[in-house]
Amino acid sequence: DADTTRANEGDTITVTITASEAITLPAVQIAGQYAAVSGADDSWSATYTVVGADVIEGAASVLIVYEDLASNEGATETTMTDGSAVEIDLTVPTLPTVSITSDNSNDVTKVNHGDTITLTFTSSEDITEPVVSLAGRSASVSGSGSSWSASYVVVGSAVSEGAVSLSIDFEDLASNSGVGVSAVTDGSEVVIDQTEPSLTAITIVSSNVADTTRANVGDTITLTITADEAIVITDT
(Lines give C-alpha, C1' and ligand atoms only; values in the text may rest on other atoms or scores of the structure.)
Protein backbone atom coordinates (compact mmCIF):
# COMPACT_ATOMS: atom_id res chain seq x y z
CA ASP A 1 0.00 0.00 0.00
CA ALA A 2 0.94 3.63 -0.37
CA ASP A 3 0.39 3.99 3.39
CA THR A 4 1.39 1.24 5.83
CA THR A 5 -1.11 2.56 8.38
CA ARG A 6 -3.98 1.51 6.07
CA ALA A 7 -5.13 -1.82 4.72
CA ASN A 8 -7.73 -3.08 2.27
CA GLU A 9 -8.74 -6.37 0.65
CA GLY A 10 -5.68 -8.63 0.26
CA ASP A 11 -3.32 -6.57 2.40
CA THR A 12 -1.50 -8.27 5.28
CA ILE A 13 -1.60 -6.74 8.75
CA THR A 14 1.34 -7.67 10.98
CA VAL A 15 1.55 -7.41 14.77
CA THR A 16 5.02 -7.72 16.29
CA ILE A 17 5.17 -8.93 19.89
CA THR A 18 7.96 -8.88 22.45
CA ALA A 19 7.34 -10.52 25.83
CA SER A 20 9.16 -9.92 29.12
CA GLU A 21 10.15 -13.59 29.16
CA ALA A 22 9.77 -16.69 27.04
CA ILE A 23 6.12 -17.55 26.38
CA THR A 24 4.23 -20.31 24.66
CA LEU A 25 2.54 -19.80 21.31
CA PRO A 26 0.16 -16.85 21.86
CA ALA A 27 -3.35 -16.72 20.44
CA VAL A 28 -3.78 -13.54 18.40
CA GLN A 29 -6.78 -11.98 16.72
CA ILE A 30 -6.47 -9.09 14.29
CA ALA A 31 -9.60 -7.25 13.16
CA GLY A 32 -11.63 -9.95 14.93
CA GLN A 33 -10.03 -12.74 12.90
CA TYR A 34 -7.50 -15.33 14.07
CA ALA A 35 -3.98 -14.55 12.91
CA ALA A 36 -1.13 -16.80 11.85
CA VAL A 37 1.52 -16.66 14.59
CA SER A 38 5.21 -17.43 14.33
CA GLY A 39 8.23 -16.95 16.55
CA ALA A 40 9.78 -18.36 19.71
CA ASP A 41 10.73 -17.51 23.28
CA ASP A 42 10.01 -13.79 23.83
CA SER A 43 9.79 -12.69 20.17
CA TRP A 44 6.68 -13.31 18.07
CA SER A 45 4.77 -11.98 15.11
CA ALA A 46 1.19 -12.44 13.96
CA THR A 47 -0.20 -11.80 10.49
CA TYR A 48 -3.67 -11.58 8.99
CA THR A 49 -4.51 -11.07 5.33
CA VAL A 50 -7.61 -8.92 5.03
CA VAL A 51 -10.74 -10.52 3.60
CA GLY A 52 -13.13 -7.65 3.01
CA ALA A 53 -16.26 -9.69 3.70
CA ASP A 54 -14.95 -10.76 7.13
CA VAL A 55 -13.98 -7.39 8.60
CA ILE A 56 -15.41 -3.95 9.20
CA GLU A 57 -13.85 -0.65 8.31
CA GLY A 58 -11.98 1.32 10.95
CA ALA A 59 -9.03 0.71 13.23
CA ALA A 60 -7.97 -2.94 13.16
CA SER A 61 -8.54 -4.40 16.63
CA VAL A 62 -5.90 -6.61 18.24
CA LEU A 63 -6.33 -9.27 20.93
CA ILE A 64 -3.36 -11.21 22.35
CA VAL A 65 -3.77 -14.06 24.83
CA TYR A 66 -0.56 -15.61 26.18
CA GLU A 67 1.16 -17.39 29.04
CA ASP A 68 4.71 -18.11 30.11
CA LEU A 69 6.39 -21.53 30.22
CA ALA A 70 5.10 -22.04 33.77
CA SER A 71 1.51 -21.48 32.53
CA ASN A 72 1.23 -18.09 34.20
CA GLU A 73 -1.32 -16.17 32.12
CA GLY A 74 -0.35 -12.70 31.04
CA ALA A 75 -2.83 -9.84 30.96
CA THR A 76 -4.75 -9.91 27.68
CA GLU A 77 -3.38 -7.18 25.42
CA THR A 78 -5.57 -5.09 23.12
CA THR A 79 -3.42 -1.97 22.60
CA MET A 80 -0.12 -1.24 20.93
CA THR A 81 2.74 -0.05 23.12
CA ASP A 82 4.13 2.34 20.50
CA GLY A 83 0.90 4.02 19.41
CA SER A 84 0.93 2.31 16.00
CA ALA A 85 -2.36 1.50 14.31
CA VAL A 86 -3.73 0.17 11.03
CA GLU A 87 -6.97 1.47 9.56
CA ILE A 88 -9.02 -0.91 7.42
CA ASP A 89 -10.35 1.05 4.46
CA LEU A 90 -12.51 -0.77 1.92
CA THR A 91 -14.25 2.30 0.49
CA VAL A 92 -13.58 3.16 -3.15
CA PRO A 93 -12.68 6.86 -3.60
CA THR A 94 -14.58 9.10 -6.00
CA LEU A 95 -14.00 12.45 -7.71
CA PRO A 96 -17.04 14.61 -6.86
CA THR A 97 -15.80 17.68 -8.73
CA VAL A 98 -13.96 17.77 -12.07
CA SER A 99 -13.65 20.92 -14.19
CA ILE A 100 -11.67 21.92 -17.28
CA THR A 101 -10.53 25.30 -18.64
CA SER A 102 -7.70 26.91 -20.63
CA ASP A 103 -5.51 30.01 -20.62
CA ASN A 104 -6.62 31.15 -24.09
CA SER A 105 -6.94 34.92 -23.74
CA ASN A 106 -9.89 35.17 -26.14
CA ASP A 107 -12.01 32.23 -25.00
CA VAL A 108 -11.15 29.82 -22.17
CA THR A 109 -13.30 27.14 -23.81
CA LYS A 110 -11.02 26.99 -26.86
CA VAL A 111 -7.32 26.22 -27.38
CA ASN A 112 -4.80 25.98 -30.14
CA HIS A 113 -1.06 25.34 -30.36
CA GLY A 114 0.78 26.65 -27.29
CA ASP A 115 -2.28 27.11 -25.07
CA THR A 116 -2.45 25.35 -21.70
CA ILE A 117 -5.39 23.13 -20.77
CA THR A 118 -5.98 22.82 -17.01
CA LEU A 119 -8.08 20.20 -15.27
CA THR A 120 -8.95 20.70 -11.59
CA PHE A 121 -10.57 18.03 -9.44
CA THR A 122 -11.22 17.01 -5.86
CA SER A 123 -11.50 13.55 -4.37
CA SER A 124 -13.79 12.19 -1.68
CA GLU A 125 -10.74 11.32 0.43
CA ASP A 126 -6.97 11.68 0.23
CA ILE A 127 -5.50 9.91 -2.80
CA THR A 128 -2.04 9.21 -4.15
CA GLU A 129 -0.84 11.15 -7.21
CA PRO A 130 -3.28 10.31 -10.02
CA VAL A 131 -2.41 9.56 -13.64
CA VAL A 132 -4.07 12.06 -15.97
CA SER A 133 -4.25 12.45 -19.73
CA LEU A 134 -5.69 15.39 -21.65
CA ALA A 135 -6.41 15.22 -25.38
CA GLY A 136 -4.79 11.81 -25.32
CA ARG A 137 -1.50 13.18 -23.99
CA SER A 138 0.10 12.75 -20.56
CA ALA A 139 -0.61 15.71 -18.30
CA SER A 140 1.55 17.26 -15.60
CA VAL A 141 -0.08 16.66 -12.22
CA SER A 142 0.23 18.71 -9.04
CA GLY A 143 -1.56 18.78 -5.72
CA SER A 144 -1.94 16.64 -2.61
CA GLY A 145 -4.54 15.11 -0.36
CA SER A 146 -7.93 15.61 -1.96
CA SER A 147 -7.16 18.65 -4.16
CA TRP A 148 -5.43 18.20 -7.53
CA SER A 149 -4.83 19.81 -10.89
CA ALA A 150 -3.39 18.60 -14.18
CA SER A 151 -2.20 20.62 -17.15
CA TYR A 152 -1.12 20.05 -20.74
CA VAL A 153 0.41 22.54 -23.16
CA VAL A 154 -1.10 21.88 -26.58
CA VAL A 155 1.29 20.68 -29.27
CA GLY A 156 -0.67 21.15 -32.46
CA SER A 157 0.88 18.24 -34.32
CA ALA A 158 0.20 15.85 -31.42
CA VAL A 159 -3.54 16.38 -31.00
CA SER A 160 -6.76 16.27 -32.96
CA GLU A 161 -9.35 19.00 -33.23
CA GLY A 162 -12.52 18.74 -31.20
CA ALA A 163 -13.54 18.50 -27.56
CA VAL A 164 -10.59 17.73 -25.29
CA SER A 165 -10.80 14.19 -23.93
CA LEU A 166 -9.72 13.47 -20.38
CA SER A 167 -8.80 10.44 -18.32
CA ILE A 168 -8.08 10.22 -14.59
CA ASP A 169 -6.88 7.04 -12.88
CA PHE A 170 -6.57 7.22 -9.11
CA GLU A 171 -6.50 5.29 -5.82
CA ASP A 172 -6.70 6.14 -2.15
CA LEU A 173 -3.98 5.67 0.47
CA ALA A 174 -5.19 2.13 1.15
CA SER A 175 -4.79 1.33 -2.57
CA ASN A 176 -8.53 1.16 -3.23
CA SER A 177 -8.78 2.01 -6.93
CA GLY A 178 -11.39 4.55 -7.94
CA VAL A 179 -13.47 4.10 -11.08
CA GLY A 180 -11.60 5.86 -13.89
CA VAL A 181 -13.06 9.26 -14.72
CA SER A 182 -13.45 10.54 -18.29
CA ALA A 183 -15.93 13.41 -17.90
CA VAL A 184 -16.27 16.69 -16.02
CA THR A 185 -18.94 17.23 -13.38
CA ASP A 186 -19.84 20.85 -14.12
CA GLY A 187 -20.49 20.86 -17.87
CA SER A 188 -17.26 22.70 -18.66
CA GLU A 189 -15.57 22.02 -21.98
CA VAL A 190 -12.45 22.93 -23.92
CA VAL A 191 -12.32 22.50 -27.69
CA ILE A 192 -9.12 22.23 -29.71
CA ASP A 193 -9.46 24.51 -32.75
CA GLN A 194 -6.50 24.80 -35.09
CA THR A 195 -8.45 25.81 -38.19
CA GLU A 196 -7.76 29.33 -39.44
CA PRO A 197 -10.94 31.39 -39.77
CA SER A 198 -11.97 32.84 -43.11
CA LEU A 199 -14.15 35.79 -44.09
CA THR A 200 -17.04 34.59 -46.19
CA ALA A 201 -18.45 38.02 -46.99
CA ILE A 202 -17.00 41.56 -47.00
CA THR A 203 -18.99 44.61 -48.11
CA ILE A 204 -18.35 48.34 -47.93
CA VAL A 205 -20.89 51.14 -48.14
CA SER A 206 -21.18 54.81 -47.25
CA SER A 207 -23.94 56.88 -45.71
CA ASN A 208 -23.96 59.26 -48.71
CA VAL A 209 -27.67 59.62 -49.50
CA ALA A 210 -27.09 60.35 -53.16
CA ASP A 211 -24.77 57.43 -53.86
CA THR A 212 -23.66 54.85 -51.25
CA THR A 213 -20.63 54.02 -53.35
CA ARG A 214 -19.24 57.53 -52.78
CA ALA A 215 -18.33 59.50 -49.69
CA ASN A 216 -17.20 63.00 -48.86
CA VAL A 217 -16.48 64.95 -45.71
CA GLY A 218 -18.90 63.92 -42.95
CA ASP A 219 -20.08 60.70 -44.58
CA THR A 220 -19.68 57.44 -42.70
CA ILE A 221 -18.09 54.48 -44.42
CA THR A 222 -19.15 51.11 -43.10
CA LEU A 223 -17.37 47.82 -43.66
CA THR A 224 -19.46 44.70 -42.99
CA ILE A 225 -17.67 41.42 -42.42
CA THR A 226 -19.05 37.90 -42.06
CA ALA A 227 -16.73 35.12 -40.83
CA ASP A 228 -17.21 31.37 -40.95
CA GLU A 229 -16.87 31.22 -37.13
CA ALA A 230 -16.80 33.57 -34.16
CA ILE A 231 -13.80 35.91 -34.26
CA VAL A 232 -12.37 38.71 -32.12
CA ILE A 233 -10.88 42.10 -32.98
CA THR A 234 -7.09 42.07 -33.12
CA ASP A 235 -4.54 44.82 -33.62
CA THR A 236 -3.85 45.78 -37.24
# chains A, B, ... in the order shown; residues from 1 in each chain; ligands from 1
>>> closest_atom_pairs(of="region 12-122 of chain A", to="region 136-154 of chain A", cutoff="12 Å", atoms="only C-alpha atoms", output="CSV")
residue,atom,partner,partner_atom,distance
A:Pro93,CA,A:Ser146,CA,10.1
A:Thr94,CA,A:Ser146,CA,10.1
A:Leu95,CA,A:Ser146,CA,8.9
A:Pro96,CA,A:Ser146,CA,10.4
A:Thr97,CA,A:Ser147,CA,9.8
A:Val98,CA,A:Ser149,CA,9.4
A:Ser99,CA,A:Ser149,CA,9.5
A:Ile100,CA,A:Ala150,CA,9.4
A:Thr101,CA,A:Ser151,CA,9.7
A:Ser102,CA,A:Ser151,CA,9.0
A:Asp103,CA,A:Val153,CA,9.9
A:Asn104,CA,A:Val154,CA,11.1
A:Lys110,CA,A:Val154,CA,11.2
A:Val111,CA,A:Val154,CA,7.6
A:Asn112,CA,A:Val154,CA,6.6
A:His113,CA,A:Val154,CA,5.1
A:Gly114,CA,A:Val154,CA,5.2
A:Asp115,CA,A:Val154,CA,5.6
A:Thr116,CA,A:Val153,CA,4.3
A:Ile117,CA,A:Tyr152,CA,5.3
A:Thr118,CA,A:Ser151,CA,4.4
A:Leu119,CA,A:Ala150,CA,5.1
A:Thr120,CA,A:Ser149,CA,4.3
A:Phe121,CA,A:Trp148,CA,5.5
A:Thr122,CA,A:Ser147,CA,4.7
>>> write_last_selection(atoms="N, CA and C atoms", output="PDB file, in the first residue's frame")
ATOM      1  N   PRO A  93     -12.606   5.396  -3.513  1.00  0.00           N
ATOM      2  CA  PRO A  93     -12.678   6.856  -3.603  1.00  0.00           C
ATOM      3  C   PRO A  93     -13.401   7.302  -4.868  1.00  0.00           C
ATOM      4  N   THR A  94     -13.916   8.511  -4.837  1.00  0.00           N
ATOM      5  CA  THR A  94     -14.582   9.100  -6.004  1.00  0.00           C
ATOM      6  C   THR A  94     -14.043  10.501  -6.227  1.00  0.00           C
ATOM      7  N   LEU A  95     -14.361  11.066  -7.394  1.00  0.00           N
ATOM      8  CA  LEU A  95     -14.004  12.447  -7.708  1.00  0.00           C
ATOM      9  C   LEU A  95     -15.301  13.245  -7.853  1.00  0.00           C
ATOM     10  N   PRO A  96     -15.752  13.898  -6.793  1.00  0.00           N
ATOM     11  CA  PRO A  96     -17.040  14.609  -6.857  1.00  0.00           C
ATOM     12  C   PRO A  96     -17.026  15.873  -7.700  1.00  0.00           C
ATOM     13  N   THR A  97     -15.864  16.488  -7.882  1.00  0.00           N
ATOM     14  CA  THR A  97     -15.801  17.684  -8.733  1.00  0.00           C
ATOM     15  C   THR A  97     -14.652  17.563  -9.721  1.00  0.00           C
ATOM     16  N   VAL A  98     -14.962  17.778 -10.996  1.00  0.00           N
ATOM     17  CA  VAL A  98     -13.963  17.774 -12.074  1.00  0.00           C
ATOM     18  C   VAL A  98     -14.333  18.899 -13.033  1.00  0.00           C
ATOM     19  N   SER A  99     -13.371  19.775 -13.318  1.00  0.00           N
ATOM     20  CA  SER A  99     -13.646  20.922 -14.192  1.00  0.00           C
ATOM     21  C   SER A  99     -12.450  21.172 -15.103  1.00  0.00           C
ATOM     22  N   ILE A 100     -12.718  21.686 -16.307  1.00  0.00           N
ATOM     23  CA  ILE A 100     -11.667  21.925 -17.282  1.00  0.00           C
ATOM     24  C   ILE A 100     -11.750  23.356 -17.816  1.00  0.00           C
ATOM     25  N   THR A 101     -10.591  23.945 -18.078  1.00  0.00           N
ATOM     26  CA  THR A 101     -10.529  25.301 -18.637  1.00  0.00           C
ATOM     27  C   THR A 101      -9.209  25.452 -19.383  1.00  0.00           C
ATOM     28  N   SER A 102      -8.967  26.648 -19.928  1.00  0.00           N
ATOM     29  CA  SER A 102      -7.704  26.907 -20.626  1.00  0.00           C
ATOM     30  C   SER A 102      -7.241  28.330 -20.331  1.00  0.00           C
ATOM     31  N   ASP A 103      -6.039  28.649 -20.808  1.00  0.00           N
ATOM     32  CA  ASP A 103      -5.513  30.008 -20.619  1.00  0.00           C
ATOM     33  C   ASP A 103      -5.624  30.837 -21.900  1.00  0.00           C
ATOM     34  N   ASN A 104      -6.441  30.373 -22.862  1.00  0.00           N
ATOM     35  CA  ASN A 104      -6.617  31.146 -24.089  1.00  0.00           C
ATOM     36  C   ASN A 104      -7.216  32.503 -23.751  1.00  0.00           C
ATOM     37  N   LYS A 110     -11.683  27.391 -25.617  1.00  0.00           N
ATOM     38  CA  LYS A 110     -11.015  26.987 -26.860  1.00  0.00           C
ATOM     39  C   LYS A 110      -9.500  27.060 -26.680  1.00  0.00           C
ATOM     40  N   VAL A 111      -8.784  26.211 -27.409  1.00  0.00           N
ATOM     41  CA  VAL A 111      -7.316  26.225 -27.381  1.00  0.00           C
ATOM     42  C   VAL A 111      -6.772  25.939 -28.769  1.00  0.00           C
ATOM     43  N   ASN A 112      -5.563  26.404 -28.977  1.00  0.00           N
ATOM     44  CA  ASN A 112      -4.804  25.983 -30.143  1.00  0.00           C
ATOM     45  C   ASN A 112      -3.360  25.768 -29.710  1.00  0.00           C
ATOM     46  N   HIS A 113      -2.454  25.654 -30.667  1.00  0.00           N
ATOM     47  CA  HIS A 113      -1.058  25.335 -30.361  1.00  0.00           C
ATOM     48  C   HIS A 113      -0.480  26.338 -29.356  1.00  0.00           C
ATOM     49  N   GLY A 114       0.122  25.813 -28.293  1.00  0.00           N
ATOM     50  CA  GLY A 114       0.777  26.646 -27.289  1.00  0.00           C
ATOM     51  C   GLY A 114      -0.090  27.018 -26.100  1.00  0.00           C
ATOM     52  N   ASP A 115      -1.404  26.827 -26.203  1.00  0.00           N
ATOM     53  CA  ASP A 115      -2.282  27.108 -25.065  1.00  0.00           C
ATOM     54  C   ASP A 115      -2.184  25.987 -24.032  1.00  0.00           C
ATOM     55  N   THR A 116      -2.492  26.337 -22.782  1.00  0.00           N
ATOM     56  CA  THR A 116      -2.450  25.354 -21.696  1.00  0.00           C
ATOM     57  C   THR A 116      -3.868  24.970 -21.274  1.00  0.00           C
ATOM     58  N   ILE A 117      -4.121  23.676 -21.264  1.00  0.00           N
ATOM     59  CA  ILE A 117      -5.388  23.134 -20.767  1.00  0.00           C
ATOM     60  C   ILE A 117      -5.181  22.751 -19.314  1.00  0.00           C
ATOM     61  N   THR A 118      -6.094  23.149 -18.439  1.00  0.00           N
ATOM     62  CA  THR A 118      -5.978  22.820 -17.013  1.00  0.00           C
ATOM     63  C   THR A 118      -7.229  22.105 -16.522  1.00  0.00           C
ATOM     64  N   LEU A 119      -6.998  20.984 -15.874  1.00  0.00           N
ATOM     65  CA  LEU A 119      -8.076  20.199 -15.266  1.00  0.00           C
ATOM     66  C   LEU A 119      -7.927  20.289 -13.752  1.00  0.00           C
ATOM     67  N   THR A 120      -8.978  20.670 -13.051  1.00  0.00           N
ATOM     68  CA  THR A 120      -8.950  20.700 -11.586  1.00  0.00           C
ATOM     69  C   THR A 120      -9.987  19.716 -11.069  1.00  0.00           C
ATOM     70  N   PHE A 121      -9.640  19.017  -9.982  1.00  0.00           N
ATOM     71  CA  PHE A 121     -10.574  18.035  -9.438  1.00  0.00           C
ATOM     72  C   PHE A 121     -10.296  17.792  -7.959  1.00  0.00           C
ATOM     73  N   THR A 122     -11.340  17.363  -7.264  1.00  0.00           N
ATOM     74  CA  THR A 122     -11.225  17.011  -5.856  1.00  0.00           C
ATOM     75  C   THR A 122     -11.690  15.575  -5.668  1.00  0.00           C
TER      76      THR A 122
END
>>> residues_around(residues="Pro130 (chain A)", least_positions_apart="4", cutoff="8 Å", atoms="only C-alpha atoms", output="list of chain:residue names")
A:Val141, A:Ile168, A:Asp169, A:Phe170, A:Glu171
>>> write_last_selection(atoms="N, CA and C atoms", output="PDB file, in the first residue's frame")
ATOM      1  N   VAL A 141       0.835  16.666 -13.355  1.00  0.00           N
ATOM      2  CA  VAL A 141      -0.077  16.659 -12.215  1.00  0.00           C
ATOM      3  C   VAL A 141       0.561  17.321 -11.006  1.00  0.00           C
ATOM      4  N   ILE A 168      -8.703  10.149 -15.910  1.00  0.00           N
ATOM      5  CA  ILE A 168      -8.084  10.225 -14.586  1.00  0.00           C
ATOM      6  C   ILE A 168      -8.142   8.842 -13.944  1.00  0.00           C
ATOM      7  N   ASP A 169      -6.968   8.292 -13.619  1.00  0.00           N
ATOM      8  CA  ASP A 169      -6.881   7.038 -12.876  1.00  0.00           C
ATOM      9  C   ASP A 169      -6.333   7.355 -11.496  1.00  0.00           C
ATOM     10  N   PHE A 170      -6.953   6.818 -10.448  1.00  0.00           N
ATOM     11  CA  PHE A 170      -6.568   7.218  -9.105  1.00  0.00           C
ATOM     12  C   PHE A 170      -6.876   6.125  -8.091  1.00  0.00           C
ATOM     13  N   GLU A 171      -6.223   6.209  -6.919  1.00  0.00           N
ATOM     14  CA  GLU A 171      -6.495   5.293  -5.822  1.00  0.00           C
ATOM     15  C   GLU A 171      -6.244   5.995  -4.503  1.00  0.00           C
TER      16      GLU A 171
END
>>> closest_residue(among="A:Thr81, A:Thr234, A:Gln33, A:Thr226", to="Ile13 (chain A)", atoms="only C-alpha atoms")
A:Gln33
>>> closest_residue(among="A:Ile192, A:Ala227, A:Leu25, A:Ile233", to="Glu67 (chain A)", atoms="only C-alpha atoms")
A:Leu25
>>> atom_distance(atom1="CA of Thr12 (chain A)", atom2="CA of Tyr66 (chain A)")
22.2 Å
